[in-house]
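Down below is the structure, laid out as structure tokens.
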Amino acid sequence: MPKARKSSPPATPKRRSQARRQPTAQELSELAPIPETLRPGLDVLFVGINPGVVSGQKQLHFGNPQNYFWKGLFESELIPEAVRPEDGRRLSAEWNMSIVNLVQRTTPSTSDLSRREMRAAVPELCRKITSNPPRVVCFVGKGIYEAFVGHTGFALGLQDDVYDLGAELETQPEHLPPLRRPDSPSDAPFAYLFVMPSTSGRTAAYQNPEKRQYFCQLKYVRDCAARQPDAAPIDHARLAALGPQVRSRYFKRQ
């Protein structure tokens, strides 16, 4: 008689991965703003747009592990060692840089912020910059700088205008920052303005190798600003050589 075939053991049912429950609008509204560390003389003040869900719940700047921000700092040598978002306090304590958000409230997406809400937050950001003068202000996302200056007529990277740290904010037109050209006849101190792509993992227009090049440009600007007024001005040819030379196939034009 032919041998009876052994029946295979019953397959273990696969456990369905449970989708993470998304917080309700009420729960998000109850999250506190992420703490900010400010003081005069920072080498770089980074400006994010607002906390995402992961950042807001963890109370960490750029807290989502898919965000490139902390990797970009290390890969560009802006900081000497790799750190996690949980160690973000070291940015201020050891490397003289810090982070603020334009809008404080947590949202699932930046698309949940209206243009009006972002523009309404500009005066408070200006007060933070003027009261705690940094050498460089870096906007981590093009949309943040659009809200800051109120127009889209700029490119990524180092801006032509600088932030006038000696201006009286009370005399500024509503919701407009005090900007001027660095070569204008003024002895007032200023901060360089730098704009890089968003470091969010959702930003497909720029891939991480390109984002890294903007971090490298920022490092050069930071190093130049830290040596002033004794150092030579920024070499724009050298700055351009550090940046992306060919646009990503994911993004047709800047």
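Residues in the structure tokens are numbered from 1 in each chain, the chains being A, B, ... in the order shown, and ligands are numbered from 1 in the order shown.
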Please build the interface table for region 51-89 of chain A against region 101-107 of chain A with a cut-off of 9 Å, listing for each qualifying residue the nearest atom pair and the distance in Å to one decimal; count only C-alpha atoms, order rows by chain and increasing number, and write it as JSON lines.
{"residue": "A:Pro51", "atom": "CA", "partner": "A:Thr106", "partner_atom": "CA", "distance": 4.8}
{"residue": "A:Gly52", "atom": "CA", "partner": "A:Thr107", "partner_atom": "CA", "distance": 5.4}
{"residue": "A:Val53", "atom": "CA", "partner": "A:Thr107", "partner_atom": "CA", "distance": 6.1}
{"residue": "A:Ser55", "atom": "CA", "partner": "A:Thr106", "partner_atom": "CA", "distance": 8.1}
{"residue": "A:Gly56", "atom": "CA", "partner": "A:Thr106", "partner_atom": "CA", "distance": 5.7}
{"residue": "A:Gln57", "atom": "CA", "partner": "A:Thr106", "partner_atom": "CA", "distance": 8.6}
{"residue": "A:His61", "atom": "CA", "partner": "A:Asn101", "partner_atom": "CA", "distance": 8.7}
For the residues selected in the previous step, produce a file with C-alpha atoms as a short mmCIF file (atom, residue, chain, number, x, y, z; two decimals), in the first residue's frame.
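Contents of out05.cif, freshly written:
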data_model
loop_
_atom_site.label_atom_id
_atom_site.label_comp_id
_atom_site.auth_asym_id
_atom_site.auth_seq_id
_atom_site.Cartn_x
_atom_site.Cartn_y
_atom_site.Cartn_z
CA PRO A 51 5.29 70.10 15.01
CA GLY A 52 3.97 67.01 13.30
CA VAL A 53 2.11 64.36 15.29
CA SER A 55 7.17 65.49 17.26
CA GLY A 56 4.26 66.94 19.19
CA GLN A 57 3.59 63.75 21.13
CA HIS A 61 11.97 68.95 17.35
#
Per residue of region 57-89 of chain A within 7 Å of region 184-204 of chain A, note the shortest atom pair and the distance in Å to one decimal, counting only C-alpha atoms, and order the rows by chain and increasing residue number, as JSON lines.
{"residue": "A:Gln66", "atom": "CA", "partner": "A:Gly201", "partner_atom": "CA", "distance": 5.2}
{"residue": "A:Asn67", "atom": "CA", "partner": "A:Ser200", "partner_atom": "CA", "distance": 4.7}
{"residue": "A:Tyr68", "atom": "CA", "partner": "A:Thr199", "partner_atom": "CA", "distance": 5.0}
{"residue": "A:Phe69", "atom": "CA", "partner": "A:Thr199", "partner_atom": "CA", "distance": 5.5}
Hey, can you spit out that residue selection with N, CA and C atoms as a short mmCIF file (atom, residue, chain, number, x, y, z; two decimals), in the first residue's frame?
data_model
loop_
_atom_site.label_atom_id
_atom_site.label_comp_id
_atom_site.auth_asym_id
_atom_site.auth_seq_id
_atom_site.Cartn_x
_atom_site.Cartn_y
_atom_site.Cartn_z
N GLN A 66 11.83 59.40 10.31
CA GLN A 66 11.97 59.51 8.86
C GLN A 66 12.46 60.90 8.43
N ASN A 67 12.53 61.81 9.36
CA ASN A 67 12.98 63.16 9.03
C ASN A 67 14.50 63.18 8.90
N TYR A 68 15.00 63.88 7.89
CA TYR A 68 16.44 63.89 7.58
C TYR A 68 17.22 64.92 8.41
N PHE A 69 16.56 65.75 9.17
CA PHE A 69 17.22 66.89 9.79
C PHE A 69 18.47 66.49 10.59
#
Considering only C-alpha atoms, return as an mmCIF file with N, CA and C atoms, in the first residue's frame whatever protein or nucleic-acid residues lie within 9 Å of Leu176 (chain A), sequence-local ones (same chain, fewer than 2 positions apart) excluded.
data_model
loop_
_atom_site.group_PDB
_atom_site.id
_atom_site.type_symbol
_atom_site.label_atom_id
_atom_site.label_comp_id
_atom_site.auth_asym_id
_atom_site.auth_seq_id
_atom_site.Cartn_x
_atom_site.Cartn_y
_atom_site.Cartn_z
ATOM 1 N N ARG A 119 1.239 83.539 8.395
ATOM 2 C CA ARG A 119 1.618 84.953 8.339
ATOM 3 C C ARG A 119 1.412 85.629 9.686
ATOM 4 N N VAL A 122 4.443 85.443 12.051
ATOM 5 C CA VAL A 122 5.704 86.088 11.686
ATOM 6 C C VAL A 122 6.171 87.129 12.717
ATOM 7 N N PRO A 123 5.304 88.012 13.229
ATOM 8 C CA PRO A 123 5.793 88.994 14.211
ATOM 9 C C PRO A 123 6.428 88.357 15.447
ATOM 10 N N CYS A 126 9.852 87.187 14.543
ATOM 11 C CA CYS A 126 10.757 88.333 14.475
ATOM 12 C C CYS A 126 11.198 88.771 15.874
ATOM 13 N N PHE A 148 7.300 84.008 5.705
ATOM 14 C CA PHE A 148 8.100 84.991 6.431
ATOM 15 C C PHE A 148 8.212 86.297 5.656
ATOM 16 N N VAL A 149 8.514 86.196 4.369
ATOM 17 C CA VAL A 149 8.727 87.411 3.571
ATOM 18 C C VAL A 149 7.490 87.828 2.780
ATOM 19 N N GLY A 150 6.502 86.943 2.671
ATOM 20 C CA GLY A 150 5.258 87.302 2.003
ATOM 21 C C GLY A 150 5.296 87.251 0.496
ATOM 22 N N GLN A 172 8.038 98.510 11.764
ATOM 23 C CA GLN A 172 7.928 97.697 10.550
ATOM 24 C C GLN A 172 6.485 97.624 10.070
ATOM 25 N N PRO A 173 6.296 97.555 8.748
ATOM 26 C CA PRO A 173 4.943 97.289 8.232
ATOM 27 C C PRO A 173 4.424 95.972 8.791
ATOM 28 N N GLU A 174 3.141 95.837 8.903
ATOM 29 C CA GLU A 174 2.537 94.668 9.534
ATOM 30 C C GLU A 174 2.985 93.371 8.861
ATOM 31 N N PRO A 178 12.256 92.854 9.263
ATOM 32 C CA PRO A 178 13.188 93.936 8.908
ATOM 33 C C PRO A 178 14.362 93.403 8.085
ATOM 34 N N LEU A 179 14.273 93.514 6.784
ATOM 35 C CA LEU A 179 15.319 93.011 5.902
ATOM 36 C C LEU A 179 16.055 94.162 5.236
#
Gap from CA of Thr24 (chain A) to CA of Pro108 (chain A) - Å, one decimal: 9.8 Å
All strand (DSSP E or B) residues (DSSP, backbone) inside region 153-194 of chain A, as a ChimeraX atom specification: /A:157-164,179-180,190-194
DSSP alpha helix (DSSP H) selection over region 7-172 of chain A, as number ranges by chain: A: 25-29, 53-58, 69-75, 89-95, 115-120, 122-131, 142-149
Selected residue, from A:Leu42, A:Ala155, A:Val221, A:Val47, that lies nearest to Ser131 (chain A) when counting only C-alpha atoms: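 When distances to Ser131 (chain A) are compared using only C-alpha atoms, the smallest one comes from A:Leu42.
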Atomic distance CA of Gly88 (chain A) - CA of Leu60 (chain A), expressed in Å with one decimal: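 About the pair CA of Gly88 (chain A) and CA of Leu60 (chain A): they are 7.5 Å apart.
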